[in-house]
>>> print(open('protein35.cif').read())   # mmCIF, C-alpha atoms and all ligand atoms
data_final
loop_
_atom_site.label_atom_id
_atom_site.label_comp_id
_atom_site.auth_asym_id
_atom_site.auth_seq_id
_atom_site.Cartn_x
_atom_site.Cartn_y
_atom_site.Cartn_z
CA MET A 26 -22.47 -17.03 -26.91
CA ASP A 27 -25.07 -14.48 -25.87
CA PHE A 28 -23.89 -11.89 -23.32
CA GLN A 29 -27.17 -10.00 -23.03
CA TRP A 30 -28.70 -9.61 -19.61
CA ASN A 31 -32.34 -10.64 -19.48
CA ALA A 32 -35.09 -8.29 -18.25
CA GLU A 33 -35.16 -9.88 -14.81
CA GLN A 34 -31.39 -9.47 -14.36
CA LEU A 35 -31.51 -5.85 -15.53
CA ALA A 36 -34.35 -5.15 -13.11
CA PHE A 37 -32.38 -6.75 -10.28
CA ARG A 38 -29.28 -4.65 -11.06
CA ASN A 39 -31.41 -1.50 -11.09
CA LYS A 40 -32.94 -2.46 -7.78
CA VAL A 41 -29.50 -2.85 -6.21
CA ARG A 42 -28.35 0.48 -7.70
CA SER A 43 -31.41 2.28 -6.35
CA PHE A 44 -30.80 0.74 -2.94
CA VAL A 45 -27.19 1.91 -2.95
CA ALA A 46 -28.19 5.41 -4.08
CA GLU A 47 -30.72 5.62 -1.25
CA HIS A 48 -28.78 3.99 1.60
CA LEU A 49 -25.12 4.79 1.00
CA PRO A 50 -24.10 8.28 2.15
CA ALA A 51 -22.18 10.13 -0.57
CA ASP A 52 -19.13 10.56 1.67
CA TRP A 53 -19.21 6.96 2.89
CA GLU A 54 -15.98 5.87 1.23
CA THR A 55 -13.97 8.65 2.82
CA GLN A 56 -15.52 8.51 6.30
CA ALA A 57 -12.71 6.44 7.81
CA HIS A 58 -9.55 5.04 6.34
CA GLY A 59 -9.87 1.33 5.65
CA PRO A 60 -12.61 -1.21 4.99
CA ALA A 61 -12.17 -2.79 8.44
CA SER A 62 -12.00 0.37 10.54
CA GLU A 63 -14.34 0.67 13.50
CA THR A 64 -16.52 3.22 11.70
CA GLN A 65 -16.81 1.12 8.57
CA SER A 66 -17.45 -2.11 10.50
CA HIS A 67 -20.30 -0.51 12.47
CA PHE A 68 -21.70 1.02 9.31
CA ALA A 69 -21.58 -2.41 7.60
CA VAL A 70 -23.85 -3.91 10.27
CA LYS A 71 -26.48 -1.22 9.64
CA PHE A 72 -26.08 -1.42 5.89
CA CYS A 73 -26.22 -5.23 5.73
CA GLY A 74 -29.25 -5.22 8.03
CA ARG A 75 -31.04 -2.97 5.53
CA LEU A 76 -29.89 -5.13 2.61
CA ALA A 77 -31.38 -8.14 4.42
CA GLU A 78 -34.71 -6.32 4.94
CA TYR A 79 -34.86 -5.61 1.20
CA GLY A 80 -33.98 -9.22 0.31
CA LEU A 81 -30.64 -8.10 -1.11
CA LEU A 82 -28.16 -9.65 1.29
CA VAL A 83 -28.38 -13.37 0.49
CA PRO A 84 -30.81 -13.74 -2.45
CA HIS A 85 -28.81 -16.71 -3.77
CA TRP A 86 -29.17 -18.69 -0.53
CA PRO A 87 -31.93 -21.29 -0.10
CA THR A 88 -35.25 -20.01 1.21
CA ARG A 89 -34.72 -22.13 4.30
CA TRP A 90 -31.86 -19.80 5.26
CA GLY A 91 -33.49 -16.50 4.36
CA GLY A 92 -32.59 -16.46 0.67
CA ALA A 93 -34.71 -16.60 -2.48
CA ASP A 94 -33.02 -19.53 -4.27
CA ALA A 95 -31.78 -17.04 -6.88
CA ASP A 96 -29.21 -18.30 -9.39
CA PRO A 97 -25.46 -17.51 -9.32
CA TRP A 98 -25.93 -14.61 -11.76
CA THR A 99 -28.04 -12.77 -9.22
CA ALA A 100 -25.33 -13.22 -6.59
CA PHE A 101 -22.70 -11.96 -9.01
CA ILE A 102 -24.67 -8.90 -10.13
CA LEU A 103 -25.13 -8.05 -6.47
CA ALA A 104 -21.40 -8.50 -5.76
CA GLU A 105 -20.44 -6.39 -8.79
CA GLU A 106 -22.64 -3.52 -7.65
CA MET A 107 -21.32 -3.75 -4.08
CA TRP A 108 -17.70 -3.69 -5.24
CA ALA A 109 -18.33 -0.87 -7.68
CA ALA A 110 -19.62 1.09 -4.67
CA GLY A 111 -16.49 0.25 -2.62
CA GLU A 112 -17.85 -2.89 -0.85
CA PRO A 113 -20.00 -1.35 1.90
CA ARG A 114 -20.72 -4.83 3.30
CA GLY A 115 -17.18 -4.81 4.77
CA GLY A 116 -16.10 -8.23 6.04
CA GLN A 117 -19.64 -9.56 5.79
CA TYR A 118 -19.02 -10.28 2.11
CA MET A 119 -17.22 -13.42 3.39
CA ASN A 120 -20.37 -14.66 5.18
CA VAL A 121 -22.42 -14.16 2.04
CA ASN A 122 -19.92 -15.64 -0.43
CA TRP A 123 -18.43 -18.62 1.29
CA ILE A 124 -18.77 -19.02 5.05
CA GLY A 125 -22.57 -19.35 5.00
CA PRO A 126 -22.63 -21.70 1.96
CA THR A 127 -19.79 -23.77 3.45
CA LEU A 128 -21.69 -24.22 6.72
CA MET A 129 -24.83 -25.16 4.77
CA ARG A 130 -22.84 -27.91 3.10
CA PHE A 131 -20.60 -29.22 5.86
CA GLY A 132 -22.05 -27.90 9.15
CA SER A 133 -24.02 -29.92 11.71
CA GLU A 134 -27.65 -28.95 12.23
CA GLN A 135 -26.70 -27.31 15.50
CA GLN A 136 -23.92 -25.25 13.86
CA GLN A 137 -26.22 -24.20 11.04
CA GLU A 138 -29.00 -23.11 13.43
CA ARG A 139 -26.54 -21.15 15.53
CA TYR A 140 -24.49 -19.40 12.89
CA ILE A 141 -26.42 -19.03 9.64
CA PRO A 142 -29.46 -16.92 10.75
CA PRO A 143 -27.33 -14.01 12.08
CA MET A 144 -25.42 -14.02 8.77
CA ALA A 145 -28.70 -13.83 6.84
CA ARG A 146 -29.78 -10.88 9.04
CA GLY A 147 -26.50 -9.09 8.34
CA THR A 148 -25.59 -8.71 11.98
CA THR A 149 -22.48 -10.81 12.43
CA LEU A 150 -18.85 -10.64 11.41
CA TRP A 151 -16.42 -13.56 11.00
CA CYS A 152 -12.71 -13.78 10.50
CA GLN A 153 -10.68 -16.33 8.62
CA GLY A 154 -7.87 -17.93 10.65
CA PHE A 155 -5.78 -19.66 7.99
CA SER A 156 -2.36 -17.98 7.56
CA GLU A 157 0.45 -18.38 10.08
CA PRO A 158 3.93 -16.84 10.26
CA GLU A 159 5.42 -19.93 8.56
CA ALA A 160 2.35 -20.98 6.60
CA GLY A 161 0.86 -18.65 4.01
CA SER A 162 0.99 -19.98 0.46
CA ASP A 163 2.05 -23.32 1.89
CA LEU A 164 -0.97 -23.64 4.14
CA ALA A 165 -0.40 -27.36 4.68
CA SER A 166 2.59 -26.54 6.90
CA LEU A 167 0.47 -24.77 9.51
CA ARG A 168 1.32 -25.55 13.14
CA THR A 169 -1.56 -24.33 15.30
CA ARG A 170 -2.58 -27.47 17.12
CA ALA A 171 -5.94 -28.69 18.48
CA GLU A 172 -5.58 -31.49 20.97
CA LYS A 173 -8.58 -33.59 21.92
CA ILE A 174 -9.08 -33.83 25.66
CA GLY A 175 -12.24 -35.76 26.58
CA THR A 176 -15.17 -33.92 25.00
CA ARG A 177 -13.15 -30.76 24.30
CA TYR A 178 -10.30 -29.53 22.11
CA ARG A 179 -7.46 -27.43 23.47
CA ILE A 180 -6.01 -25.07 20.85
CA ASN A 181 -2.52 -23.54 20.90
CA GLY A 182 -0.76 -21.54 18.20
CA GLN A 183 -0.70 -18.31 16.24
CA LYS A 184 -2.42 -16.88 13.18
CA ILE A 185 -1.33 -13.80 11.25
CA TRP A 186 -2.74 -11.29 8.73
CA THR A 187 -6.23 -12.07 10.03
CA SER A 188 -8.61 -9.46 8.62
CA TYR A 189 -11.47 -8.15 10.80
CA ALA A 190 -10.22 -10.08 13.89
CA SER A 191 -10.78 -7.22 16.33
CA HIS A 192 -14.50 -6.92 15.46
CA ALA A 193 -15.27 -10.52 14.48
CA GLU A 194 -17.50 -12.65 16.68
CA THR A 195 -16.40 -16.01 15.30
CA CYS A 196 -13.26 -17.39 13.71
CA PHE A 197 -13.24 -19.96 10.91
CA LEU A 198 -10.06 -21.57 12.19
CA LEU A 199 -7.70 -24.11 10.68
CA ALA A 200 -5.78 -26.19 13.22
CA ARG A 201 -3.79 -29.37 13.20
CA THR A 202 -5.30 -32.50 14.77
CA GLY A 203 -2.83 -34.91 13.15
CA ALA A 204 0.09 -35.12 10.74
CA GLY A 205 0.26 -33.88 7.14
CA ARG A 206 -2.40 -32.34 4.97
CA ASP A 207 -5.02 -34.85 6.15
CA GLY A 208 -4.32 -33.89 9.73
CA ILE A 209 -5.87 -30.42 9.46
CA SER A 210 -9.34 -29.68 10.85
CA ILE A 211 -11.68 -26.70 10.98
CA PHE A 212 -13.06 -25.21 14.17
CA LEU A 213 -15.74 -22.55 14.57
CA VAL A 214 -14.39 -20.57 17.50
CA PRO A 215 -16.15 -17.67 19.27
CA MET A 216 -13.59 -14.85 19.50
CA THR A 217 -14.56 -14.20 23.15
CA THR A 218 -13.25 -17.63 24.20
CA PRO A 219 -10.67 -17.19 27.01
CA GLY A 220 -7.07 -17.47 25.78
CA ILE A 221 -7.56 -15.65 22.46
CA ILE A 222 -5.42 -12.54 22.13
CA VAL A 223 -5.81 -10.21 19.14
CA ARG A 224 -3.12 -7.67 18.20
CA GLU A 225 -3.58 -5.25 15.36
CA ILE A 226 -0.82 -4.92 12.73
CA PRO A 227 -0.47 -1.39 11.30
CA SER A 228 -1.60 -1.56 7.68
CA LEU A 229 -1.38 0.43 4.49
CA ILE A 230 -5.03 -0.12 3.72
CA GLY A 231 -6.31 1.31 6.97
CA ALA A 232 -7.04 0.87 10.64
CA GLY A 233 -8.29 -2.48 11.90
CA ASP A 234 -7.50 -4.38 8.77
CA ILE A 235 -5.00 -7.08 9.71
CA HIS A 236 -4.02 -8.76 12.96
CA GLU A 237 -2.03 -11.37 14.76
CA VAL A 238 -4.25 -13.79 16.71
CA PHE A 239 -2.77 -15.92 19.49
CA PHE A 240 -4.39 -19.06 20.89
CA ASP A 241 -3.14 -19.86 24.36
CA ASN A 242 -4.80 -23.01 25.76
CA VAL A 243 -8.09 -22.04 24.15
CA GLU A 244 -10.72 -24.69 24.92
CA VAL A 245 -13.74 -25.36 22.73
CA PRO A 246 -16.33 -28.15 22.92
CA SER A 247 -15.96 -30.96 20.36
CA ASN A 248 -19.07 -29.69 18.56
CA ALA A 249 -16.99 -26.69 17.41
CA LEU A 250 -15.38 -29.02 14.86
CA LEU A 251 -16.74 -28.43 11.34
CA GLY A 252 -17.21 -31.70 9.46
CA GLU A 253 -14.83 -34.42 10.53
CA GLU A 254 -11.30 -34.38 11.87
CA GLY A 255 -8.88 -34.08 8.94
CA GLN A 256 -11.54 -32.86 6.51
CA ALA A 257 -10.24 -29.27 6.32
CA TRP A 258 -8.48 -29.60 2.99
CA GLN A 259 -11.61 -30.76 1.19
CA ILE A 260 -13.77 -28.08 2.83
CA VAL A 261 -11.27 -25.27 2.26
CA ARG A 262 -10.80 -26.10 -1.42
CA THR A 263 -14.54 -25.64 -1.93
CA ALA A 264 -14.63 -22.50 0.20
CA LEU A 265 -11.64 -20.85 -1.52
CA SER A 266 -12.96 -21.45 -5.01
CA LEU A 267 -16.20 -19.73 -3.96
CA GLU A 268 -14.12 -16.87 -2.52
CA ARG A 269 -11.92 -16.52 -5.61
CA VAL A 270 -14.71 -15.81 -8.04
CA GLY A 271 -16.85 -14.05 -5.47
CA ILE A 272 -14.88 -10.80 -5.39
CA PRO A 273 -15.43 -8.68 -8.52
CA ARG A 274 -12.77 -6.13 -7.60
CA PHE A 275 -12.53 -5.26 -11.30
CA ALA A 276 -15.82 -3.34 -10.90
CA LEU A 277 -14.20 -0.91 -8.46
CA ALA A 278 -11.03 -0.76 -10.58
CA ALA A 279 -13.11 0.19 -13.65
CA ARG A 280 -14.91 2.91 -11.70
CA MET A 281 -11.61 4.33 -10.44
CA LEU A 282 -10.17 4.27 -13.96
CA THR A 283 -13.12 6.32 -15.22
CA ARG A 284 -12.60 8.74 -12.34
CA ALA A 285 -8.90 9.16 -13.13
CA VAL A 286 -9.52 9.59 -16.87
CA ASP A 287 -12.21 12.21 -16.18
CA ARG A 288 -9.82 14.15 -13.95
CA LEU A 289 -7.12 14.13 -16.63
CA ARG A 290 -9.58 15.12 -19.33
CA ARG A 291 -10.86 18.06 -17.26
CA ALA A 292 -7.26 19.16 -16.68
CA GLY A 293 -6.47 18.91 -20.42
CA ARG A 294 -3.85 16.21 -19.69
CA LEU A 295 -5.32 13.17 -21.42
CA PHE A 296 -2.45 12.86 -23.89
CA GLU A 297 -1.91 9.96 -26.28
CA SER A 298 0.31 7.88 -24.00
CA ALA A 299 -2.26 8.25 -21.19
CA SER A 300 -5.10 7.24 -23.52
CA GLU A 301 -3.20 4.16 -24.62
CA GLN A 302 -2.47 3.08 -21.07
CA ALA A 303 -6.05 3.79 -20.00
CA THR A 304 -7.28 1.62 -22.86
CA ARG A 305 -5.03 -1.23 -21.75
CA ALA A 306 -6.29 -0.93 -18.16
CA ARG A 307 -9.90 -0.77 -19.36
CA ALA A 308 -9.33 -3.89 -21.48
CA ALA A 309 -7.90 -5.68 -18.43
CA CYS A 310 -11.03 -4.78 -16.41
CA GLU A 311 -13.20 -6.14 -19.22
CA ALA A 312 -11.12 -9.32 -19.48
CA ALA A 313 -11.49 -9.90 -15.74
CA ARG A 314 -15.21 -9.28 -15.96
CA LEU A 315 -15.72 -11.70 -18.84
CA TYR A 316 -13.53 -14.38 -17.28
CA SER A 317 -15.52 -14.08 -14.07
CA TYR A 318 -18.76 -14.36 -16.05
CA HIS A 319 -17.44 -17.55 -17.61
CA ILE A 320 -16.98 -19.02 -14.12
CA VAL A 321 -20.43 -17.89 -13.03
CA ASP A 322 -21.86 -19.51 -16.16
CA GLN A 323 -20.10 -22.77 -15.30
CA ARG A 324 -21.51 -22.64 -11.81
CA ARG A 325 -24.95 -21.88 -13.21
CA HIS A 326 -24.69 -25.11 -15.19
CA GLY A 327 -23.76 -27.08 -12.10
CA HIS A 328 -20.07 -27.61 -12.89
CA PRO A 329 -17.98 -27.94 -9.72
CA PRO A 330 -15.59 -25.08 -8.97
CA GLY A 331 -12.24 -25.76 -10.65
CA PRO A 332 -8.88 -24.18 -11.46
CA GLU A 333 -10.45 -21.67 -13.86
CA ALA A 334 -11.49 -19.70 -10.79
CA SER A 335 -7.74 -19.05 -10.31
CA ALA A 336 -7.54 -17.64 -13.84
CA ALA A 337 -10.48 -15.31 -13.15
CA ARG A 338 -8.83 -14.15 -9.96
CA TYR A 339 -5.50 -13.57 -11.66
CA ALA A 340 -7.21 -11.52 -14.38
CA THR A 341 -8.77 -9.41 -11.63
CA VAL A 342 -5.39 -8.86 -9.96
CA LEU A 343 -4.00 -7.63 -13.30
CA ALA A 344 -6.96 -5.28 -13.80
CA GLU A 345 -6.39 -3.66 -10.41
CA ARG A 346 -2.65 -3.39 -11.03
CA TYR A 347 -3.05 -1.78 -14.45
CA VAL A 348 -5.43 0.83 -13.08
CA ALA A 349 -3.10 1.52 -10.16
CA GLU A 350 -0.11 1.85 -12.51
CA PHE A 351 -2.07 4.22 -14.73
CA VAL A 352 -2.77 6.51 -11.78
CA VAL A 353 0.85 6.37 -10.57
CA GLU A 354 2.11 7.38 -13.98
CA HIS A 355 -0.39 10.00 -15.07
CA LEU A 356 -2.02 11.34 -11.92
CA PRO A 357 0.59 10.96 -9.16
CA GLU A 358 -0.76 13.93 -7.19
CA ALA A 359 -3.92 11.88 -6.55
CA LEU A 360 -1.83 9.49 -4.43
CA ALA A 361 -0.36 12.31 -2.38
CA GLY A 362 -3.67 13.34 -0.87
CA GLY A 363 -5.19 14.80 -4.04
CA ASP A 364 -7.90 12.16 -4.33
CA PRO A 365 -8.71 9.93 -1.31
CA LEU A 366 -10.70 7.44 -3.42
CA LEU A 367 -7.91 6.89 -5.95
CA GLN A 368 -5.44 6.68 -3.11
CA ALA A 369 -7.52 4.04 -1.29
CA HIS A 370 -7.87 2.06 -4.50
CA HIS A 371 -4.13 2.17 -5.04
CA GLN A 372 -3.50 0.87 -1.52
CA ARG A 373 -5.98 -1.97 -2.00
CA ALA A 374 -4.43 -2.84 -5.37
CA VAL A 375 -1.00 -3.16 -3.78
CA VAL A 376 -2.23 -6.01 -1.56
CA ALA A 377 -4.65 -7.56 -4.06
CA GLY A 378 -2.07 -9.98 -5.38
CA ILE A 379 -1.37 -11.45 -1.96
CA ALA A 380 -4.63 -11.47 0.06
CA SER A 381 -6.87 -14.56 -0.52
CA GLY A 382 -3.91 -16.47 -1.96
CA ALA A 383 -0.87 -15.00 -3.71
CA ALA A 384 -1.08 -14.27 -7.44
CA GLU A 385 1.94 -16.52 -8.12
CA ILE A 386 0.12 -19.43 -6.52
CA GLN A 387 -2.83 -18.80 -8.85
CA LEU A 388 -0.35 -18.91 -11.75
CA ASN A 389 1.00 -22.26 -10.48
CA LEU A 390 -2.56 -23.64 -10.36
CA ILE A 391 -3.29 -22.33 -13.85
CA ALA A 392 -0.06 -23.93 -15.16
CA SER A 393 -0.53 -27.34 -13.58
CA GLU A 394 -4.29 -27.82 -13.34
CA LEU A 395 -5.61 -25.79 -16.28
CA LEU A 396 -2.81 -26.01 -18.84
CA GLY A 397 -1.51 -29.42 -17.74
CA LEU A 398 2.11 -28.23 -17.62
CA PRO A 399 4.53 -30.41 -15.66
CA ARG A 400 5.31 -29.37 -12.10
CA GLU A 401 8.84 -28.38 -11.23
CA PRO A 402 10.62 -31.31 -9.54
CA ARG A 403 11.13 -30.62 -5.84
C1 LIG B 501 -4.67 -7.41 3.19
C2 LIG B 501 -4.48 -8.85 3.53
C3 LIG B 501 -5.50 -9.50 4.20
C4 LIG B 501 -5.36 -10.84 4.56
N1 LIG B 501 -6.37 -11.44 5.28
C5 LIG B 501 -6.20 -12.71 5.69
C6 LIG B 501 -7.19 -13.33 6.50
O1 LIG B 501 -8.22 -12.74 6.83
N2 LIG B 501 -6.97 -14.59 6.93
C7 LIG B 501 -5.85 -15.29 6.59
O2 LIG B 501 -5.73 -16.44 7.00
N3 LIG B 501 -4.88 -14.74 5.83
C8 LIG B 501 -5.03 -13.46 5.38
N4 LIG B 501 -4.07 -12.88 4.62
C9 LIG B 501 -2.83 -13.62 4.36
C10 LIG B 501 -2.69 -14.11 2.93
O3 LIG B 501 -3.58 -15.18 2.69
C11 LIG B 501 -1.23 -14.52 2.77
O4 LIG B 501 -0.47 -13.34 2.84
C12 LIG B 501 -0.99 -15.24 1.48
O5 LIG B 501 -1.57 -16.52 1.52
C13 LIG B 501 0.54 -15.38 1.22
O6 LIG B 501 1.18 -15.95 2.31
P1 LIG B 501 2.46 -15.26 2.97
O7 LIG B 501 2.14 -13.85 3.30
O8 LIG B 501 2.96 -16.16 4.05
O9 LIG B 501 3.54 -15.19 1.79
P2 LIG B 501 4.41 -16.39 1.25
O10 LIG B 501 3.58 -17.59 1.09
O11 LIG B 501 5.63 -16.49 2.09
O12 LIG B 501 4.81 -15.84 -0.18
C14 LIG B 501 5.77 -14.80 -0.35
C15 LIG B 501 5.98 -14.61 -1.84
O13 LIG B 501 6.51 -15.82 -2.41
C16 LIG B 501 5.67 -16.28 -3.47
N5 LIG B 501 5.56 -17.74 -3.43
C17 LIG B 501 5.34 -18.51 -2.33
N6 LIG B 501 5.25 -19.80 -2.68
C18 LIG B 501 5.40 -19.84 -4.04
C19 LIG B 501 5.38 -20.90 -4.99
N7 LIG B 501 5.19 -22.17 -4.64
N8 LIG B 501 5.54 -20.56 -6.30
C20 LIG B 501 5.74 -19.26 -6.68
N9 LIG B 501 5.76 -18.22 -5.82
C21 LIG B 501 5.59 -18.51 -4.50
C22 LIG B 501 4.30 -15.65 -3.19
O14 LIG B 501 3.56 -15.51 -4.36
C23 LIG B 501 4.68 -14.31 -2.59
O15 LIG B 501 4.92 -13.38 -3.61
C24 LIG B 501 -4.19 -11.55 4.22
C25 LIG B 501 -3.16 -10.89 3.52
C26 LIG B 501 -3.31 -9.57 3.18
C27 LIG B 501 -2.19 -8.90 2.43
#
>>> encode(input="protein35.cif", output="structure tokens", more="lines below")
Ligand SMILES: Cc1cc2nc3c(=O)[nH]c(=O)nc-3n(C[C@H](O)[C@H](O)[C@H](O)COP(=O)(O)OP(=O)(O)OC[C@H]3O[C@@H](n4cnc5c(N)ncnc54)[C@H](O)[C@@H]3O)c2cc1C
Amino acid sequence: MDFQWNAEQLAFRNKVRSFVAEHLPADWETQAHGPASETQSHFAVKFCGRLAEYGLLVPHWPTRWGGADADPWTAFILAEEMWAAGEPRGGQYMNVNWIGPTLMRFGSEQQQERYIPPMARGTTLWCQGFSEPEAGSDLASLRTRAEKIGTRYRINGQKIWTSYASHAETCFLLARTGAGRDGISIFLVPMTTPGIIVREIPSLIGAGDIHEVFFDNVEVPSNALLGEEGQAWQIVRTALSLERVGIPRFALAARMLTRAVDRLRRAGRLFESASEQATRARAACEAARLYSYHIVDQRRHGHPPGPEASAARYATVLAERYVAEFVVEHLPEALAGGDPLLQAHHQRAVVAGIASGAAEIQLNLIASELLGLPREPR
């Protein structure tokens, strides 16, 4: 196997790095606490707009939708550089990674024309309305209901932990139109629709990050349905596997590890036990990186997304955890206000194993679908 980047890929990475150096203020990461805060969300619109002007927002999208038909490696190099910089695209990473591509595949022409161009310009924010108070890992038990009334659907129910909901313009919403797993449908719902109430939940990782969203007799036209009634499971499986490999959080973890090690070295405190633990954390970042590359390579060769994406995501969760544990053990003062960047990374690492699907669920998928182990009888 040859892991060398080719000249074109190296040039692309350098182009992204130069862009970041030029357009990202040095104090950006500490300007406001949390990736979904008002300050960061407004900054993301400006930043993504500039990325779009430079052809760096959606290079992997088809030219028809403002992309350059670049291969999955280009998209991944871009994502790695964005995460290493602290993900200045904010919630728009979701548009780029999976919402846009999902609409290209399953959306009607009208939905595509309405929603995809603003994503390609970097001017719009979406939220993901999946989880409910009684339906997180077990998404199939969700209860938000969409009832068909003539040419409209009336939606009632509640979502929870919805990131970006207070700034998002549109919700990618899962709601029940029938019984069981095949009775779940997807609706593209403007967040200004009457009957939607958003309440922020105070969060460790900063202001504006997670919310409760209530749907009280919210009416949408039938053309808000994505795909067909009951098709949600198929669509979401595709979307989530794009999401799972699309977040190279290990790149930020590796940068934070280097930062912590440098601090210890400068203070003359990089003792043997710290070096050993740093090496383990570094190895975990590398493992996550290489596993993610393996998935990108599969995608590059046209293989459909499969359970290995769960393994790549789990490796990334471990990388973040090992770096966080290293800081807790050897540089605890950094978490008590001594280093806002290490502190923010620690807070993100705490939730990394639960957001976008709990780590234990990834382990279940690895056991049953990748290793072929028998499922526990219910
Ligand atoms: C920062 C953050 C942002 C989020 N953003 C969004 C968002 O934008 N949109 C959205 O829809 N959701 C979002 N979520 C919700 C997230 O998807 C859920 O928290 C996650 O799916 C887990 O669901 P739950 O919280 O109900 O926990 P549960 O499903 O109740 O799980 C609780 C614990 O039990 C374990 N567990 C559950 N079932 C099993 C099993 N079968 N085998 C082994 N262990 C199991 C889990 O691993 C977990 O440790 C976000 C969460 C966080 C923390």
>>> closest_atom_pairs(input="protein35.cif", of="chain A", to="ligand LIG 501 (chain B)", cutoff="7 Å", atoms="only C-alpha atoms and all ligand atoms", output="tab-separated table")
residue	atom	partner	partner_atom	distance
A:Cys152	CA	B:LIG501	O1	5.9
A:Gln153	CA	B:LIG501	N2	4.4
A:Gly154	CA	B:LIG501	O2	4.5
A:Phe155	CA	B:LIG501	O2	3.4
A:Ser156	CA	B:LIG501	O2	3.7
A:Glu157	CA	B:LIG501	O8	6.9
A:Pro158	CA	B:LIG501	O8	6.3
A:Glu159	CA	B:LIG501	O8	6.4
A:Ala160	CA	B:LIG501	O8	5.5
A:Gly161	CA	B:LIG501	O6	3.2
A:Ser162	CA	B:LIG501	O10	3.6
A:Asp163	CA	B:LIG501	O10	6.0
A:Ile185	CA	B:LIG501	N3	6.5
A:Trp186	CA	B:LIG501	C8	4.6
A:Thr187	CA	B:LIG501	O1	3.8
A:Ser188	CA	B:LIG501	O1	3.8
A:Tyr189	CA	B:LIG501	O1	6.9
A:Asp234	CA	B:LIG501	C1	7.0
A:Ile235	CA	B:LIG501	C3	6.0
A:Val376	CA	B:LIG501	C27	4.9
A:Ile379	CA	B:LIG501	C12	5.1
A:Ala380	CA	B:LIG501	C25	3.8
A:Ser381	CA	B:LIG501	O3	4.6
A:Gly382	CA	B:LIG501	O5	4.2
A:Ala383	CA	B:LIG501	O14	4.5
A:Ala384	CA	B:LIG501	O14	5.7
A:Glu385	CA	B:LIG501	O14	4.2
A:Ile386	CA	B:LIG501	N8	5.5
A:Asn389	CA	B:LIG501	N8	6.4
>>> atom_distance(input="protein35.cif", atom1="atom CA of Glu33 of chain A", atom2="atom CA of Ala276 of chain A")
20.8 Å
>>> closest_residue(input="protein35.cif", among="A:Leu76, A:Gly59, A:Gly116, A:Leu343", to="Ser43 of chain A", atoms="all atoms listed in the file")
A:Leu76
>>> closest_residue(input="protein35.cif", among="A:Arg130, A:Glu237, A:Ser335, A:Thr304", to="Gln259 of chain A", atoms="all atoms listed in the file")
A:Arg130
>>> atom_distance(input="protein35.cif", atom1="atom CA of Tyr339 of chain A", atom2="atom CA of Ile391 of chain A")
9.3 Å
>>> axis_aligned_box(input="protein35.cif", around="segment 177-194 of chain A", padding_each_side="5 Å", output="lines of an AutoDock Vina configuration file")
center_x = -9.1
center_y = -18.8
center_z = 16.5
size_x = 26.8
size_y = 33.8
size_z = 25.7
>>> closest_residue(input="protein35.cif", among="A:Pro332, A:Ala337, A:Pro227, A:Ile221", to="Ala313 of chain A", atoms="only C-alpha atoms")
A:Ala337
>>> residues_around(input="protein35.cif", residues="Tyr118 of chain A", least_positions_apart="5", cutoff="12 Å", atoms="only C-alpha atoms", output="PyMOL selection string")
chain A and resi 60-61+66+69-70+72-73+82-83+100-101+103-105+107-108+111-113+123-126+144-145+147-152+189+267-268+271-273
>>> closest_residue(input="protein35.cif", among="A:Gly115, A:Gly255, A:Gly397, A:Pro365", to="Thr55 of chain A", atoms="only C-alpha atoms")
A:Pro365
